[in-house]
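> The structure follows.
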Amino acid sequence: MRVRIHLRLAALGLLVLFGFGSLMARLWTMQVDRQDYYTEILPTTSTVSVRVPATRGRILDRNGTVLVDNQASFKIVVDLAEVVRAYRQEMGEMPTVQFEVGALPKQFQEADIVSIFKETVQPKLAALGLARDFNAASLRNHYRTYRGVVPFEYPGDATFRESVRLAERIGVIPGTSIVVKPRRIYEYGALASHLLGYLSQPDIGKIDRERLSQFTYFIGDDYGAAGLEKTFNSVLSGKPGKRVMLKNEKGSLVGEIENLAPEAGADVFLTLDARIQWLTEQALREGKVGRGAAVVLDPKTGEILAMASVPSYDANRFIPRIKAEVWQAYLRDPTRPLLCTALRAFEPGSTFKVVVSLGAGLVGMDQHSYVCTGGVRYGDHFKKCWIHSKGGAHGRLGLEEAIKVSCNSYYYLLGNNLRDEPIVRVSRMLGLGQESGLELAGLGEMPGIVPGSLPWKELQGRSLDRPLTPAETANLTIGQGETLATPLQMANVAASVANGGTSYRPSLVRFAIDKRGRLVHQAKEASRAINLLEEGVSARALDAVRNGMWKAANEPGGTAQRGGPEGWEIGGKTGTAQTSIQGRRGNNSWFISFAPFESPRYAVAVVVLGGQSGGKVAAPVARRIYEGLQEMEKGHFPQLTKLEEAKGFFDEAEETTYGEELLVVDEAEGESGDEAGVPLRVHRAAAVPFEAVDDLEAPTPALGADAEGSTF
C-alpha cells in the first residue's frame, strides 16, 4: 500500500516538474528567445511623421500688384494602408482583387481598396456630410503605387466648419485626417497666362524616393510645369516642414512631438506693369483678334512692360489639377492656346525693312536713292512692288521716303547692292535669329531665321561661303521667304531705333526676395546691350530710319498713320506677309512703333495672324494701347479685373475698329503680301508655331470616370 502511495507521489512530482519545466521553457521562449517578435506585435505607442509642403512664393508686377498668390484650403487626406490595417484587425479577412503586371502578364493579388473604402470610410464621411464622388480607378492606382507613403487626397476642398467637424471624429474614421494646404490662385484669370505658366501636381516620376523613408506621410509639392512657375520653381517652392505626431496603442493620434514649420518660397517681382498688360490684352480682345500678340517695351532699359498673346488660357483651371478632357481640348484646339504667340516666329514682312536700312548704315549705302518702276526683274521672274497692282510706280526715292511709303522696289535694289552680309550682321546685333534669353521655360520660344546667317545655311545644307542669290536677297529685304522673327524681337528692333541705337536683351524678372527679406535672385546686367553706332552703323542712317518711321505715321501717304493716337507723334512701320495656315493662304499683319517720338517711353509691336494689312489691322491695336498709356500718364489708371480666356479663331480681319467711326486717312497701302510672286515654300521652321506642342509639359490630369465607367 505504501509502495503505491510513494509511486503515485513520485509520478505526481514528475508531472509537476514536467509541467513546471514546460512552463519555464515557454516563458523563456516568449520572454527571451522571441522577445523581439512579441514586443513588435504588442499594442504600444508609435510616431507618425508628415512632410508639410511649403507655401509657394507669390509673383508680383513691378509695382507690387500680386498676380499669383495662395489661399488656404482644407483637404481630407487618407492613409490607405492604415485603412486596410484597420479593416483586417476588425474583420479578419478582407476582399481582394487580382491584377496583372509586365509584358508577359503576371498575376498578383492585393486588398480590394475600393470595396474597403466604400465600406469603412465613405459611409462615415457621408454621416458627417463630407462625402464626395471619388474616382475608383484613381483610388486603386494610388494605393497600388504609394500604399501609405503618400496619403490619398479626397476630392474637393472642405470648409473651415467641415474641417472642425471632421477633426472631432478623426479617431473614428481610420487613416483619415485633415490638412491645411495652400491653393494657388491666379488673381486676374487669364491675364499674362503664358508668362506666369501653370502648375502640376506631383506624380510617381516627381517624388524623390530617397526622401520617402524620412516620412510616414509624404505630401508632395505642386511644381511649375510652364512659364515663370517652371523657371523659378526652386525659388518659389520654399522649404518643406515636418510634423511628428504620437499614436496610442489603439492607433489614434494623441499628441504632437515635433512641429518644424515649412519655410515659404520667395516672392518674384517682374518688370511687367499689370495695368499695361491689362490694357494690351484688352486691346487684342476688343479688336476681335483671333490669333496674335502685342509687346510693350521700355526702350531705355529693354524691360518688358507687357507681353500678351491670343488665344490664351486660365491657369486656375489647372488647380488643383486640370481635368483630362480640358487638357485634351487645349491640345486639340488648332489655334494653339497654350503657345505664346509673342515668342513664336513668323515672316515679319516690311517691318524688316528697318533692319535692312540699318544694315545699309553699316556700309555707307544709306544715302543711295533708287528708282521704282513698279518692280524688279530677276531673269524671267518679275518681283512686284505693292504699287504695281495699282498701275503705278514710286519713281526715285531715298531711304526716308522708301520707309514712309514702304517701297519694295527700293529695298530689292538696295539689298542687291548690299548683299546679305551687312543685313545678317545688324540682325545679330538686334537679337534676331536667336532666342531672347528670357527666363521662361516650356513656352517653345523660337529663335527665328535670318537667311544668309550661319544657322540658316546649316539648316539648308548650303556652303558657308555661298552668298544668297539676288532673288533670295530681294525676298530677305521685304521680310518674306525664309525670314522669320518673333513679335518680341521686332519690338526690340523698334526700341533700338527709339533709344538712339542701343539693343538691349529684353528682361522680364527684376528680382526675388525671400520671407526674411533676403535677395535670392537679381536680374543680371544686360548681357546684350549693343550700341549700334559703336558697331559701325552710322548716326546718319539711324536718323534716316527714325525720320522715315515718323513720316510713315504722320505725313499724308505714309503707311502707318492709323497707329498714332491724338496728342502723340509716333514713329511706326507696317508690314504684311503672305502665309499659309491650316491649308489656307492668307496674310499676317504687323506694326512696330515707338512713342512719344521726341522722347520715347514705349516701344510697341503688334502682329495679327490672318490680318489683311499692317496699316488697317495691326496699327489700330497699337493706337488703342497708346491711348490707354496716355490715360495712365494723366493719372487715369484702369481697374484691373479678372480676364476670361481669349478664344482663338481663323477668321480673316480686313480692318480693326473699336466701335468708333472708321479712321479715314490719306495713306499708302504698303505691301499686300504677294510681292514675292512665287509659291510659298513650307519650310520646317515656319511649320513649328502651329504644329509642334511637344515642348509643353503635360500636367497631372484629374481623371474623369474610372475604368469601370462610373464614379463613386
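Labels for the C-alpha cells follow display order: chains A, B, ..., residues from 1 in each chain, ligands from 1.
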Taking the backbone alone, and naming residues the way the document does, which bits of stretch 435-527 of chain A are strand (DSSP E or B) by DSSP, as a PyMOL selection string?
chain A and resi 441+449+484-485+502-503+507+509-513+519-522
> Please list as a list of chain:residue names every residue within 7 Å of A:Lys239, counting only C-alpha atoms and excluding residues in the same chain fewer than 3 positions away.
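In the requested format, the answer is A:Ala54, A:Pro262, A:Glu263, A:Ala264.
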> Any idea what's packed within 10 Å of stretch 156-160 of chain A, counting only C-alpha atoms, ignoring anything in its chain fewer than 2 positions away? Could you give it as a ChimeraX atom specification?
/A:72-76,130-134,153-154,162-166,178-181,183,320
> I need the alpha helix (DSSP H) residues of stretch 162-319 of chain A per DSSP on the backbone, written as a count of residues only.
37
> In terms of the shortest atom-to-atom distance over only C-alpha atoms, which of A:Leu476, A:Phe269, A:Leu413, A:Glu401 is closest to A:Glu555?
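Closest candidate: A:Glu401.
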> So that I can check the surroundings of stretch 354-363 of chain A, please list as a VMD selection string every protein, DNA and RNA residue that reaches within 6 Å of it, counting only C-alpha atoms and ignoring chain neighbours fewer than 5 positions away.
chain A and resid 422 to 423 426 536 to 538 541
> Pick the closest to A:Asn475 from A:Lys242, A:Lys353, A:His142, A:Arg425: which is it, counting only C-alpha atoms?
A:Lys353
> For a quick check of understanding, using only C-alpha atoms, which of A:Ala485, A:Ala261, A:Met429, A:Leu270 has the smallest distance to A:Ala345?
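Selected residue with least distance to A:Ala345: A:Ala485.
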> Please measure the separation of atom CA of A:Arg546 and atom CA of A:Ile387, giving the value in Å to one decimal.
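It comes out at 23.3 Å.
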> Fewer than 5 positions away in the same chain doesn't count, so skip those; otherwise give me all residues within 8 Å of A:Pro337, counting only C-alpha atoms, as a PyMOL selection string.
chain A and resi 310-313+330+647-648
> Next, dump the selected residues to file, keeping only all heavy atoms, as a tab-separated table (two decimals), in the first residue's frame.

chain	number	residue	atom	x	y	z
A	310	VAL	N	-2.89	86.03	-77.88
A	310	VAL	CA	-4.20	85.41	-78.01
A	310	VAL	C	-4.11	84.36	-79.11
A	310	VAL	O	-3.40	84.55	-80.09
A	310	VAL	CB	-5.31	86.45	-78.34
A	310	VAL	CG1	-5.54	87.39	-77.20
A	310	VAL	CG2	-4.96	87.24	-79.61
A	311	PRO	N	-4.80	83.21	-78.90
A	311	PRO	CA	-5.66	82.89	-77.76
A	311	PRO	C	-4.85	82.65	-76.50
A	311	PRO	O	-3.63	82.59	-76.53
A	311	PRO	CB	-6.36	81.61	-78.22
A	311	PRO	CG	-5.40	80.98	-79.17
A	311	PRO	CD	-4.74	82.12	-79.90
A	312	SER	N	-5.57	82.49	-75.37
A	312	SER	CA	-4.91	82.31	-74.09
A	312	SER	C	-5.64	81.25	-73.28
A	312	SER	O	-6.62	80.66	-73.75
A	312	SER	CB	-4.86	83.63	-73.33
A	312	SER	OG	-6.18	84.09	-73.03
A	313	TYR	N	-5.19	81.02	-72.07
A	313	TYR	CA	-5.83	80.07	-71.18
A	313	TYR	C	-5.84	80.64	-69.76
A	313	TYR	O	-5.16	81.63	-69.46
A	313	TYR	CB	-5.10	78.72	-71.19
A	313	TYR	CG	-3.67	78.78	-70.69
A	313	TYR	CD1	-3.38	78.60	-69.34
A	313	TYR	CD2	-2.61	79.02	-71.56
A	313	TYR	CE1	-2.07	78.66	-68.87
A	313	TYR	CE2	-1.30	79.08	-71.09
A	313	TYR	CZ	-1.04	78.90	-69.75
A	313	TYR	OH	0.25	78.97	-69.29
A	330	TYR	N	-7.47	71.65	-75.00
A	330	TYR	CA	-6.40	72.61	-75.27
A	330	TYR	C	-5.48	72.10	-76.38
A	330	TYR	O	-5.10	72.83	-77.29
A	330	TYR	CB	-5.58	72.87	-74.01
A	330	TYR	CG	-6.18	73.84	-73.03
A	330	TYR	CD1	-6.02	73.66	-71.66
A	330	TYR	CD2	-6.87	74.97	-73.45
A	330	TYR	CE1	-6.54	74.56	-70.73
A	330	TYR	CE2	-7.40	75.87	-72.54
A	330	TYR	CZ	-7.24	75.66	-71.18
A	330	TYR	OH	-7.75	76.55	-70.28
A	647	LYS	N	-10.51	83.34	-76.76
A	647	LYS	CA	-10.70	82.23	-77.67
A	647	LYS	C	-10.10	82.54	-79.04
A	647	LYS	O	-10.17	83.67	-79.53
A	647	LYS	CB	-12.19	81.91	-77.83
A	647	LYS	CG	-12.88	81.56	-76.52
A	647	LYS	CD	-12.27	80.32	-75.88
A	647	LYS	CE	-13.01	79.92	-74.60
A	647	LYS	NZ	-12.38	78.75	-73.94
A	648	GLY	N	-9.50	81.56	-79.65
A	648	GLY	CA	-8.87	81.75	-80.96
A	648	GLY	C	-9.80	81.40	-82.10
A	648	GLY	O	-10.75	80.63	-81.94
> Give me, as a list in words, all polymer residues having an atom no more than 9 Å from A:Ile570, counting only C-alpha atoms and skipping those fewer than 4 positions away in the same chain.
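Counting only C-alpha atoms, the residues come to Met549, Trp550, Ala553, Asn554, Gly563, Gly564, Pro565, Ser593, Phe594, Ala595, Pro596, Phe597, Glu598 and Pro600 of chain A.
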> Got time to write the residues from that selection, all heavy atoms, as a JSON list (two decimals), in the first residue's frame?

[["chain", "number", "residue", "atom", "x", "y", "z"],
["A", 549, "MET", "N", 10.29, 106.53, -90.21],
["A", 549, "MET", "CA", 9.20, 105.98, -89.41],
["A", 549, "MET", "C", 8.26, 107.09, -88.95],
["A", 549, "MET", "O", 7.04, 106.88, -88.84],
["A", 549, "MET", "CB", 9.76, 105.20, -88.21],
["A", 549, "MET", "CG", 10.51, 103.92, -88.62],
["A", 549, "MET", "SD", 11.23, 103.01, -87.21],
["A", 549, "MET", "CE", 9.74, 102.36, -86.43],
["A", 550, "TRP", "N", 8.81, 108.28, -88.70],
["A", 550, "TRP", "CA", 7.94, 109.42, -88.35],
["A", 550, "TRP", "C", 7.06, 109.78, -89.54],
["A", 550, "TRP", "O", 5.85, 110.01, -89.39],
["A", 550, "TRP", "CB", 8.78, 110.62, -87.94],
["A", 550, "TRP", "CG", 7.94, 111.81, -87.57],
["A", 550, "TRP", "CD1", 7.42, 112.11, -86.35],
["A", 550, "TRP", "CD2", 7.49, 112.85, -88.45],
["A", 550, "TRP", "NE1", 6.67, 113.26, -86.40],
["A", 550, "TRP", "CE2", 6.70, 113.73, -87.69],
["A", 550, "TRP", "CE3", 7.67, 113.12, -89.82],
["A", 550, "TRP", "CZ2", 6.10, 114.87, -88.24],
["A", 550, "TRP", "CZ3", 7.07, 114.24, -90.37],
["A", 550, "TRP", "CH2", 6.30, 115.10, -89.58],
["A", 553, "ALA", "N", 4.11, 107.52, -90.14],
["A", 553, "ALA", "CA", 3.00, 107.62, -89.19],
["A", 553, "ALA", "C", 2.33, 108.99, -89.19],
["A", 553, "ALA", "O", 1.19, 109.11, -88.70],
["A", 553, "ALA", "CB", 3.50, 107.31, -87.78],
["A", 554, "ASN", "N", 2.98, 110.02, -89.77],
["A", 554, "ASN", "CA", 2.45, 111.37, -89.57],
["A", 554, "ASN", "C", 2.24, 112.17, -90.86],
["A", 554, "ASN", "O", 1.54, 113.19, -90.82],
["A", 554, "ASN", "CB", 3.41, 112.16, -88.65],
["A", 554, "ASN", "CG", 3.52, 111.55, -87.28],
["A", 554, "ASN", "OD1", 2.65, 111.73, -86.43],
["A", 554, "ASN", "ND2", 4.60, 110.81, -87.04],
["A", 563, "GLY", "N", -1.68, 104.19, -86.56],
["A", 563, "GLY", "CA", -1.10, 103.72, -85.31],
["A", 563, "GLY", "C", -0.91, 104.80, -84.26],
["A", 563, "GLY", "O", -0.64, 104.49, -83.11],
["A", 564, "GLY", "N", -1.02, 106.08, -84.64],
["A", 564, "GLY", "CA", -0.75, 107.16, -83.70],
["A", 564, "GLY", "C", -2.00, 107.70, -83.04],
["A", 564, "GLY", "O", -2.99, 108.00, -83.71],
["A", 565, "PRO", "N", -1.98, 107.88, -81.71],
["A", 565, "PRO", "CA", -3.13, 108.45, -81.01],
["A", 565, "PRO", "C", -3.12, 109.97, -81.09],
["A", 565, "PRO", "O", -2.09, 110.58, -81.41],
["A", 565, "PRO", "CB", -2.90, 107.99, -79.56],
["A", 565, "PRO", "CG", -1.41, 107.97, -79.44],
["A", 565, "PRO", "CD", -0.89, 107.53, -80.79],
["A", 593, "SER", "N", 6.50, 100.17, -83.57],
["A", 593, "SER", "CA", 6.43, 101.62, -83.36],
["A", 593, "SER", "C", 7.07, 102.01, -82.04],
["A", 593, "SER", "O", 7.41, 101.16, -81.21],
["A", 593, "SER", "CB", 4.96, 102.06, -83.35],
["A", 593, "SER", "OG", 4.25, 101.38, -82.31],
["A", 594, "PHE", "N", 7.21, 103.33, -81.84],
["A", 594, "PHE", "CA", 7.65, 103.87, -80.55],
["A", 594, "PHE", "C", 7.02, 105.23, -80.35],
["A", 594, "PHE", "O", 6.66, 105.92, -81.31],
["A", 594, "PHE", "CB", 9.18, 103.95, -80.47],
["A", 594, "PHE", "CG", 9.83, 104.76, -81.57],
["A", 594, "PHE", "CD1", 10.01, 106.13, -81.45],
["A", 594, "PHE", "CD2", 10.26, 104.14, -82.74],
["A", 594, "PHE", "CE1", 10.62, 106.87, -82.47],
["A", 594, "PHE", "CE2", 10.87, 104.87, -83.76],
["A", 594, "PHE", "CZ", 11.04, 106.24, -83.63],
["A", 595, "ALA", "N", 6.86, 105.64, -79.08],
["A", 595, "ALA", "CA", 6.18, 106.90, -78.77],
["A", 595, "ALA", "C", 6.53, 107.32, -77.33],
["A", 595, "ALA", "O", 6.89, 106.47, -76.50],
["A", 595, "ALA", "CB", 4.67, 106.73, -78.93],
["A", 596, "PRO", "N", 6.37, 108.63, -77.05],
["A", 596, "PRO", "CA", 6.25, 109.74, -77.99],
["A", 596, "PRO", "C", 7.53, 109.90, -78.80],
["A", 596, "PRO", "O", 8.60, 109.53, -78.32],
["A", 596, "PRO", "CB", 6.01, 110.95, -77.09],
["A", 596, "PRO", "CG", 5.62, 110.38, -75.75],
["A", 596, "PRO", "CD", 6.31, 109.07, -75.65],
["A", 597, "PHE", "N", 7.43, 110.47, -79.97],
["A", 597, "PHE", "CA", 8.55, 110.43, -80.90],
["A", 597, "PHE", "C", 9.80, 111.12, -80.36],
["A", 597, "PHE", "O", 10.91, 110.58, -80.45],
["A", 597, "PHE", "CB", 8.15, 111.06, -82.24],
["A", 597, "PHE", "CG", 9.24, 110.99, -83.28],
["A", 597, "PHE", "CD1", 9.44, 109.82, -84.01],
["A", 597, "PHE", "CD2", 10.08, 112.07, -83.51],
["A", 597, "PHE", "CE1", 10.46, 109.74, -84.95],
["A", 597, "PHE", "CE2", 11.09, 112.00, -84.45],
["A", 597, "PHE", "CZ", 11.28, 110.82, -85.18],
["A", 598, "GLU", "N", 9.65, 112.32, -79.79],
["A", 598, "GLU", "CA", 10.82, 113.09, -79.36],
["A", 598, "GLU", "C", 11.48, 112.49, -78.12],
["A", 598, "GLU", "O", 12.69, 112.59, -77.95],
["A", 598, "GLU", "CB", 10.41, 114.55, -79.10],
["A", 598, "GLU", "CG", 10.00, 115.31, -80.35],
["A", 598, "GLU", "CD", 11.12, 115.37, -81.39],
["A", 598, "GLU", "OE1", 12.31, 115.31, -81.00],
["A", 598, "GLU", "OE2", 10.81, 115.48, -82.59],
["A", 600, "PRO", "N", 10.94, 108.95, -76.52],
["A", 600, "PRO", "CA", 10.20, 107.68, -76.48],
["A", 600, "PRO", "C", 10.24, 107.01, -75.10],
["A", 600, "PRO", "O", 11.30, 106.86, -74.49],
["A", 600, "PRO", "CB", 10.93, 106.82, -77.52],
["A", 600, "PRO", "CG", 11.65, 107.78, -78.40],
["A", 600, "PRO", "CD", 12.04, 108.91, -77.50]]
